[in-house]
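Below is work.tsv, which holds TSV, C-alpha atoms and all ligand atoms.
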```
chain	number	residue	atom	x	y	z
A	9	MET	CA	40.34	-85.94	46.96
A	10	TYR	CA	39.59	-82.53	45.48
A	11	THR	CA	38.48	-81.72	41.94
A	12	LEU	CA	38.73	-78.07	40.95
A	13	ILE	CA	36.23	-77.07	38.29
A	14	GLY	CA	37.21	-74.07	36.20
A	15	LYS	CA	40.06	-73.12	33.91
A	16	LEU	CA	42.93	-71.68	35.91
A	17	ALA	CA	42.91	-68.40	33.95
A	18	SER	CA	40.07	-67.27	36.23
A	19	ARG	CA	39.36	-67.02	39.96
A	20	ALA	CA	39.93	-70.80	40.00
A	21	PHE	CA	43.65	-70.00	40.10
A	22	ARG	CA	43.31	-68.83	43.72
A	23	VAL	CA	41.98	-72.21	44.73
A	24	GLY	CA	44.60	-74.10	42.71
A	25	TRP	CA	47.35	-72.07	44.37
A	26	MET	CA	45.81	-72.70	47.80
A	27	LEU	CA	45.67	-76.47	47.14
A	28	GLU	CA	49.34	-76.39	46.16
A	29	GLU	CA	50.22	-74.45	49.33
A	30	LEU	CA	48.41	-77.10	51.37
A	31	GLY	CA	50.27	-79.88	49.56
A	32	VAL	CA	47.11	-81.96	49.06
A	33	GLU	CA	46.15	-84.09	46.08
A	34	TRP	CA	43.86	-82.45	43.54
A	35	GLU	CA	42.84	-82.64	39.93
A	36	GLN	CA	41.37	-80.06	37.66
A	37	VAL	CA	38.61	-79.84	35.09
A	38	PRO	CA	39.59	-76.76	33.05
A	39	ALA	CA	36.02	-75.80	32.13
A	40	SER	CA	34.92	-72.32	31.07
A	41	GLN	CA	32.11	-70.44	32.78
A	42	HIS	CA	28.58	-71.01	31.47
A	43	THR	CA	29.29	-74.42	30.02
A	44	ASP	CA	27.06	-77.47	30.61
A	45	GLU	CA	29.84	-79.03	32.68
A	46	VAL	CA	29.72	-76.07	35.06
A	47	TYR	CA	25.93	-75.62	35.08
A	48	ARG	CA	25.62	-79.21	36.24
A	49	LEU	CA	27.46	-78.23	39.45
A	50	ASN	CA	26.63	-74.54	39.85
A	51	PRO	CA	23.26	-73.22	38.62
A	52	ALA	CA	24.88	-69.76	38.20
A	53	GLY	CA	27.32	-71.22	35.66
A	54	LYS	CA	30.21	-69.49	37.46
A	55	ILE	CA	33.68	-70.81	38.18
A	56	PRO	CA	35.36	-71.97	40.30
A	57	ALA	CA	33.62	-74.87	42.04
A	58	LEU	CA	35.30	-77.52	44.14
A	59	VAL	CA	34.10	-81.11	44.31
A	60	VAL	CA	35.06	-82.73	47.60
A	61	ASP	CA	35.29	-86.51	47.87
A	62	GLY	CA	33.43	-87.06	44.62
A	63	ASP	CA	30.05	-85.59	45.54
A	64	ALA	CA	29.99	-82.44	47.69
A	65	VAL	CA	30.09	-79.27	45.57
A	66	LEU	CA	31.34	-75.96	46.93
A	67	VAL	CA	31.20	-72.64	45.10
A	68	ASP	CA	32.83	-69.20	45.46
A	69	SER	CA	36.62	-68.95	45.51
A	70	THR	CA	36.83	-67.21	48.90
A	71	ALA	CA	34.39	-69.60	50.57
A	72	ILE	CA	36.34	-72.54	49.14
A	73	MET	CA	39.69	-71.17	50.31
A	74	THR	CA	38.26	-70.52	53.77
A	75	TYR	CA	36.90	-74.07	53.96
A	76	LEU	CA	40.25	-75.54	52.90
A	77	ALA	CA	42.21	-73.37	55.31
A	78	ASP	CA	39.97	-74.27	58.25
A	79	LYS	CA	39.90	-77.95	57.35
A	80	HIS	CA	43.67	-78.29	56.99
A	81	GLY	CA	44.54	-75.76	59.71
A	82	LYS	CA	46.86	-73.77	57.44
A	83	LEU	CA	46.94	-70.30	55.90
A	84	THR	CA	44.43	-69.00	58.43
A	85	PHE	CA	44.14	-67.94	62.02
A	86	ALA	CA	41.67	-69.98	64.09
A	87	ALA	CA	37.99	-69.05	63.99
A	88	GLY	CA	36.89	-67.00	67.01
A	89	THR	CA	40.23	-65.25	67.52
A	90	LEU	CA	40.87	-61.54	67.08
A	91	GLU	CA	43.51	-62.37	64.48
A	92	ARG	CA	40.90	-64.27	62.48
A	93	ALA	CA	38.54	-61.30	62.64
A	94	ARG	CA	41.34	-59.07	61.30
A	95	GLN	CA	42.21	-61.61	58.63
A	96	ASP	CA	38.53	-61.79	57.56
A	97	GLY	CA	38.49	-57.99	57.53
A	98	PHE	CA	41.31	-58.06	54.98
A	99	THR	CA	39.56	-60.77	52.96
A	100	GLN	CA	36.27	-58.89	52.72
A	101	THR	CA	37.99	-55.58	52.03
A	102	ILE	CA	39.97	-57.12	49.18
A	103	ILE	CA	36.71	-58.42	47.71
A	104	ASP	CA	35.11	-54.95	48.00
A	105	GLU	CA	38.05	-52.83	46.93
A	106	PHE	CA	39.82	-54.93	44.31
A	107	ASP	CA	37.89	-58.02	43.18
A	108	GLN	CA	34.62	-56.20	42.65
A	109	VAL	CA	36.20	-53.09	41.14
A	110	LEU	CA	37.97	-55.33	38.62
A	111	TYR	CA	34.88	-57.39	37.92
A	112	THR	CA	32.69	-54.32	37.43
A	113	SER	CA	35.24	-53.15	34.89
A	114	ALA	CA	35.18	-56.55	33.16
A	115	ARG	CA	31.39	-56.25	32.99
A	116	THR	CA	31.73	-53.19	30.77
A	117	GLY	CA	32.81	-55.69	28.09
A	118	ALA	CA	31.73	-59.06	26.78
A	119	LEU	CA	29.99	-60.26	29.96
A	120	ILE	CA	26.79	-58.29	29.42
A	121	PRO	CA	24.66	-57.47	26.33
A	122	GLU	CA	26.27	-54.80	24.15
A	123	GLU	CA	23.42	-52.28	24.48
A	124	LEU	CA	23.74	-52.37	28.28
A	125	ARG	CA	27.49	-51.79	28.54
A	126	SER	CA	28.76	-48.55	30.12
A	127	PRO	CA	32.48	-48.29	29.32
A	128	GLN	CA	32.60	-44.75	30.78
A	129	VAL	CA	32.58	-46.16	34.32
A	130	LYS	CA	36.15	-47.39	33.81
A	131	ASP	CA	37.77	-44.05	34.65
A	132	GLY	CA	36.03	-43.98	38.03
A	133	LEU	CA	37.02	-47.58	38.71
A	134	HIS	CA	40.68	-46.82	37.94
A	135	TRP	CA	40.52	-43.87	40.32
A	136	GLU	CA	39.00	-46.05	43.03
A	137	TYR	CA	41.52	-48.85	42.51
A	138	ARG	CA	44.45	-46.41	42.69
A	139	ARG	CA	43.10	-44.94	45.97
A	140	ASN	CA	42.46	-48.40	47.47
A	141	LEU	CA	45.92	-49.66	46.57
A	142	ALA	CA	47.56	-46.53	48.03
A	143	ARG	CA	45.68	-47.14	51.29
A	144	PHE	CA	46.83	-50.76	51.46
A	145	ALA	CA	50.42	-49.74	50.68
A	146	GLU	CA	50.38	-47.12	53.44
A	147	THR	CA	49.68	-49.64	56.21
A	148	PHE	CA	51.36	-52.72	54.73
A	149	ASP	CA	54.38	-53.74	56.77
A	150	GLY	CA	54.99	-57.24	55.41
A	151	PRO	CA	56.10	-59.78	54.73
A	152	PHE	CA	52.38	-60.73	54.62
A	153	LEU	CA	49.14	-58.83	55.23
A	154	MET	CA	48.90	-60.30	58.72
A	155	GLY	CA	52.59	-59.82	59.44
A	156	GLU	CA	54.75	-62.93	59.76
A	157	GLN	CA	51.99	-65.42	58.94
A	158	MET	CA	50.75	-65.92	55.40
A	159	THR	CA	46.98	-66.38	55.10
A	160	LEU	CA	44.48	-66.96	52.33
A	161	ALA	CA	44.02	-63.16	52.20
A	162	ASP	CA	47.52	-62.96	50.66
A	163	ILE	CA	46.51	-65.36	47.89
A	164	LEU	CA	43.40	-63.30	47.24
A	165	LEU	CA	45.22	-59.97	47.17
A	166	THR	CA	48.06	-61.22	44.99
A	167	HIS	CA	45.61	-62.70	42.51
A	168	CYS	CA	43.65	-59.44	42.36
A	169	LEU	CA	46.77	-57.31	41.91
A	170	GLN	CA	47.96	-59.51	39.07
A	171	TRP	CA	44.52	-59.35	37.48
A	172	GLY	CA	44.63	-55.56	37.85
A	173	ALA	CA	48.05	-55.38	36.18
A	174	ILE	CA	46.82	-57.51	33.24
A	175	ALA	CA	43.70	-55.34	32.95
A	176	LYS	CA	45.98	-52.25	32.91
A	177	PHE	CA	44.80	-50.79	36.21
A	178	PRO	CA	47.28	-48.38	37.84
A	179	PHE	CA	49.90	-50.08	40.00
A	180	GLU	CA	51.69	-47.25	41.73
A	181	SER	CA	53.40	-48.81	44.71
A	182	ASP	CA	56.92	-50.25	44.69
A	183	LYS	CA	56.20	-51.84	48.06
A	184	MET	CA	53.18	-53.74	46.75
A	185	ARG	CA	55.01	-54.66	43.54
A	186	ALA	CA	57.76	-56.23	45.66
A	187	TYR	CA	55.09	-58.06	47.67
A	188	VAL	CA	53.53	-59.53	44.51
A	189	LYS	CA	56.99	-60.50	43.27
A	190	ASP	CA	57.69	-62.36	46.53
A	191	MET	CA	54.30	-64.05	46.56
A	192	THR	CA	54.58	-65.21	42.96
A	193	SER	CA	58.09	-66.60	43.60
A	194	ARG	CA	56.65	-69.20	45.95
A	195	ASP	CA	56.96	-72.84	44.87
A	196	ALA	CA	53.23	-73.41	45.32
A	197	TYR	CA	52.38	-70.45	43.10
A	198	ARG	CA	54.72	-71.75	40.44
A	199	SER	CA	53.37	-75.27	40.48
A	200	ALA	CA	49.79	-73.99	40.21
A	201	HIS	CA	50.87	-71.73	37.36
A	202	ALA	CA	52.51	-74.67	35.58
A	203	LYS	CA	49.14	-76.45	35.57
A	204	MET	CA	47.53	-73.62	33.60
A	205	SER	CA	46.54	-74.84	30.17
B	301	LIG	N1	32.54	-64.52	43.94
B	301	LIG	C1	32.73	-65.60	43.01
B	301	LIG	C2	32.71	-65.03	41.58
B	301	LIG	C3	32.76	-66.14	40.54
B	301	LIG	C4	32.80	-65.55	39.15
B	301	LIG	O1	32.12	-64.55	38.85
B	301	LIG	N2	33.63	-66.19	38.32
B	301	LIG	C5	33.73	-65.72	36.95
B	301	LIG	C6	35.02	-66.27	36.30
B	301	LIG	S1	36.45	-65.66	37.16
B	301	LIG	C7	32.52	-66.24	36.19
B	301	LIG	O2	32.25	-67.42	36.23
B	301	LIG	N3	31.79	-65.32	35.56
B	301	LIG	C8	30.60	-65.61	34.85
B	301	LIG	C9	29.48	-64.67	35.24
B	301	LIG	O3	29.73	-63.63	35.88
B	301	LIG	O4	28.34	-64.95	34.90
B	301	LIG	C10	34.06	-66.31	43.30
B	301	LIG	O5	34.95	-65.70	43.90
B	301	LIG	O6	34.19	-67.50	42.98
```

The structure in this file should be written as structure tokens.
Ligand SMILES: N[C@@H](CCC(=O)N[C@@H](CS)C(=O)NCC(=O)O)C(=O)O
Amino acid sequence: MYTLIGKLASRAFRVGWMLEELGVEWEQVPASQHTDEVYRLNPAGKIPALVVDGDAVLVDSTAIMTYLADKHGKLTFAAGTLERARQDGFTQTIIDEFDQVLYTSARTGALIPEELRSPQVKDGLHWEYRRNLARFAETFDGPFLMGEQMTLADILLTHCLQWGAIAKFPFESDKMRAYVKDMTSRDAYRSAHAKMS
């Protein structure tokens, strides 16, 4: 049994979507970051965390998705294959080029003390995001990042691109818009979304 800690309007959504794709049983504790509930499981106070079988606690959305994919043998290529190395290359690049660009931008706001915020970095981050997305669009051939097989990297990228759209980052690729539309039409995406409170 899996318990997902973290409200779904956060990186926890990636894990919820993954659990739905795997068709396994799970429950959620829709806690916010930096609450006692979360600190008890993760000393950093960050979400998401996943409790496995009532006592093992895992943190970091990508690490959790990788664990689930490997354990259930779905949404991943096997460890030690060239395909897996390419898949991991996508995963890490998405973290570098989208997740962290978006999170750095979020950190210009309420996440850090007011006197330390630097809102002027946003222009550079938008420029970087636009360039990174254009590069992905150029090589993307679909239907998934790895071709015919969907992997956890698709969940990660789709979540980041949606986050970017909400945060008003430039989204200048019809091809990638169509990709996000397809990904978010999936039954598993919809059932995870329906659990959002
Ligand atoms: N790399 C981590 C990042 C976790 C993270 O920063 N989560 C945000 C919510 S989406 C959070 O808890 N932020 C609080 C903080 O940065 O202190 C992951 O993918 O799970």

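Distances to Asn50 in chain A were evaluated for A:Met26, A:Leu119, A:Leu83, A:Ala64 using all atoms listed in the file, and the minimum falls at A:Ala64.
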
Atom pair CA of Thr166 in chain A / CA of Arg125 in chain A: separation (Å): 28.0 Å

Straight-line distance linking atom N2 of ligand LIG 301 (chain B) with CA of Gly62 in chain A, stated in Å to one decimal: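 These two atoms are separated by 21.8 Å.
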
Within 7 Å of ligand LIG 301 (chain B) (all atoms listed in the file), residues as a list in words: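 Result of the 7 Å neighbour search around ligand LIG 301 (chain B): Ser18, Arg19, Ala20, Gln41, His42, Ala52, Gly53, Lys54, Ile55, Pro56, Val67, Asp68, Ser69, Thr70 and Leu119 of chain A.
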
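Between CA of Asp131 in chain A and CA of Thr112 in chain A the separation is 11.8 Å.
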
For Glu136 in chain A: contacts at 10 Å, all atoms listed in the file, fewer than 6 positions along chain excluded, given as JSON, numbers by chain: {"A": [105, 106, 109, 130, 142]}

Residue nearest Gly150 in chain A - candidates A:Asp190, A:Glu180, A:Asp104, A:Glu123, atoms counted: all atoms listed in the file: A:Asp190

Under the rule of at most 8 Å, produce a per-residue listing of range 110-195 of chain A near range 95-102 of chain A: chain, number, name, the closest pair of atoms, and the distance in Å, as a tab-separated table, using all atoms listed in the file.
```
residue	atom	partner	partner_atom	distance
A:Leu153	CA	A:Phe98	CA	7.9
A:Met154	CA	A:Gln95	CA	6.8
A:Thr159	CA	A:Gln95	CA	7.6
A:Leu160	CA	A:Thr99	CA	7.9
A:Ala161	CA	A:Thr99	CA	5.1
A:Leu164	CA	A:Ile102	CA	7.3
A:Leu165	CA	A:Ile102	CA	6.3
```

Restrict the selected residues to C-alpha atoms and save them as an mmCIF file, in the coordinates of the input.
```
data_model
loop_
_atom_site.group_PDB
_atom_site.id
_atom_site.type_symbol
_atom_site.label_atom_id
_atom_site.label_comp_id
_atom_site.auth_asym_id
_atom_site.auth_seq_id
_atom_site.Cartn_x
_atom_site.Cartn_y
_atom_site.Cartn_z
ATOM 1 C CA LEU A 153 49.140 -58.830 55.230
ATOM 2 C CA MET A 154 48.900 -60.300 58.720
ATOM 3 C CA THR A 159 46.980 -66.380 55.100
ATOM 4 C CA LEU A 160 44.480 -66.960 52.330
ATOM 5 C CA ALA A 161 44.020 -63.160 52.200
ATOM 6 C CA LEU A 164 43.400 -63.300 47.240
ATOM 7 C CA LEU A 165 45.220 -59.970 47.170
#
```

Nearest to Thr11 in chain A by atom-to-atom distance, counting all atoms listed in the file, from A:Gly24, A:Phe152, A:Ile120, A:Gly81: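 The shortest atom-to-atom distance to Thr11 in chain A comes from A:Gly24.
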
Residues within 12 Å of (47.5, -84.9, 43.4), counting all atoms listed in the file, listed as a PyMOL selection string: chain A and resi 9-12+24+27-28+30-36+199-200+203

Non-local contacts of Arg138 in chain A (8 Å; only C-alpha atoms; under 6 positions in same chain excluded) as a list in words: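 Counting only the stated atoms, we get Phe177, Pro178, Phe179 and Glu180 of chain A.
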
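Between Lys189 in chain A and the candidates A:Leu169, A:Val23, A:Ala57, A:Leu124, the tightest atom-to-atom separation, counting only C-alpha atoms, involves A:Leu169.
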
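Remark: for Asp149 in chain A, the closest of the candidate residues A:Ser193, A:Asp44, A:Pro51, A:Lys183 is A:Lys183 (distances computed over only C-alpha atoms).
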
Residue nearest Arg94 in chain A among A:Gly155, A:Gly14, A:Pro127, A:Gly132 (counting all atoms listed in the file):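 Using all atoms listed in the file, the shortest distance to Arg94 in chain A belongs to A:Gly155.
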
Which centre and which edge lengths, in Å to one decimal, describe the axis-aligned box that holds all listed atoms of range 84-90 of chain A after 6 Å is added on each side, as lines of an AutoDock Vina configuration file?
```
center_x = 40.7
center_y = -65.8
center_z = 63.0
size_x = 19.5
size_y = 20.4
size_z = 21.1
```

Export: range 104-186 of chain A, C-alpha atoms, as a short mmCIF file (atom, residue, chain, number, x, y, z; two decimals), in the first residue's frame:
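Once everything was written out, this is selection.cif:
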```
data_model
loop_
_atom_site.label_atom_id
_atom_site.label_comp_id
_atom_site.auth_asym_id
_atom_site.auth_seq_id
_atom_site.Cartn_x
_atom_site.Cartn_y
_atom_site.Cartn_z
CA ASP A 104 17.81 20.98 -15.22
CA GLU A 105 16.04 22.80 -18.01
CA PHE A 106 12.43 23.04 -16.84
CA ASP A 107 11.88 22.02 -13.20
CA GLN A 108 14.75 24.05 -11.82
CA VAL A 109 14.14 27.05 -14.08
CA LEU A 110 10.53 27.12 -12.87
CA TYR A 111 11.50 26.63 -9.25
CA THR A 112 14.14 29.35 -9.36
CA SER A 113 11.45 31.66 -10.68
CA ALA A 114 9.08 30.60 -7.87
CA ARG A 115 11.86 31.42 -5.41
CA THR A 116 11.75 35.05 -6.48
CA GLY A 117 8.44 35.16 -4.58
CA ALA A 118 7.05 33.95 -1.28
CA LEU A 119 9.50 31.06 -0.76
CA ILE A 120 12.37 33.21 0.47
CA PRO A 121 12.60 36.27 2.78
CA GLU A 122 11.43 39.45 1.06
CA GLU A 123 14.76 41.30 1.36
CA LEU A 124 16.54 38.45 -0.46
CA ARG A 125 14.22 38.17 -3.46
CA SER A 126 15.56 39.06 -6.93
CA PRO A 127 12.56 39.33 -9.26
CA GLN A 128 14.79 40.67 -12.07
CA VAL A 129 16.10 37.15 -12.76
CA LYS A 130 12.71 36.23 -14.24
CA ASP A 131 13.45 37.68 -17.68
CA GLY A 132 16.55 35.51 -18.01
CA LEU A 133 14.64 32.45 -16.85
CA HIS A 134 11.91 33.05 -19.45
CA TRP A 135 14.59 33.35 -22.11
CA GLU A 136 16.20 30.11 -20.97
CA TYR A 137 12.88 28.26 -20.81
CA ARG A 138 11.92 29.40 -24.31
CA ARG A 139 15.30 28.21 -25.69
CA ASN A 140 15.07 24.86 -23.86
CA LEU A 141 11.54 24.20 -25.07
CA ALA A 142 12.49 25.06 -28.67
CA ARG A 143 15.34 22.53 -28.46
CA PHE A 144 13.03 19.81 -27.17
CA ALA A 145 10.46 20.59 -29.87
CA GLU A 146 13.11 20.39 -32.59
CA THR A 147 14.01 16.76 -31.83
CA PHE A 148 10.66 15.52 -30.51
CA ASP A 149 9.14 12.97 -32.84
CA GLY A 150 6.44 11.49 -30.59
CA PRO A 151 4.17 10.12 -29.55
CA PHE A 152 6.39 10.03 -26.41
CA LEU A 153 9.88 11.30 -25.60
CA MET A 154 11.30 7.81 -26.08
CA GLY A 155 9.22 7.14 -29.19
CA GLU A 156 6.49 4.52 -28.95
CA GLN A 157 6.95 3.77 -25.25
CA MET A 158 5.73 6.15 -22.58
CA THR A 159 8.09 6.55 -19.62
CA LEU A 160 8.15 8.48 -16.37
CA ALA A 161 10.07 11.21 -18.25
CA ASP A 162 6.80 12.01 -20.07
CA ILE A 163 4.99 12.51 -16.76
CA LEU A 164 7.79 14.78 -15.58
CA LEU A 165 7.88 16.86 -18.77
CA THR A 166 4.11 17.21 -19.00
CA HIS A 167 3.91 18.32 -15.38
CA CYS A 168 6.65 20.90 -15.92
CA LEU A 169 5.09 22.26 -19.11
CA GLN A 170 1.74 22.66 -17.38
CA TRP A 171 3.44 24.37 -14.44
CA GLY A 172 5.21 26.66 -16.92
CA ALA A 173 1.92 27.54 -18.62
CA ILE A 174 0.30 28.38 -15.26
CA ALA A 175 3.34 30.47 -14.29
CA LYS A 176 3.02 32.30 -17.65
CA PHE A 177 6.28 31.07 -19.14
CA PRO A 178 6.41 31.21 -22.96
CA PHE A 179 4.94 28.15 -24.67
CA GLU A 180 5.81 28.59 -28.32
CA SER A 181 5.50 25.16 -29.85
CA ASP A 182 2.32 23.74 -31.38
CA LYS A 183 3.96 20.32 -31.42
CA MET A 184 4.61 20.36 -27.67
CA ARG A 185 1.17 21.82 -26.98
CA ALA A 186 -0.37 18.87 -28.84
#
```
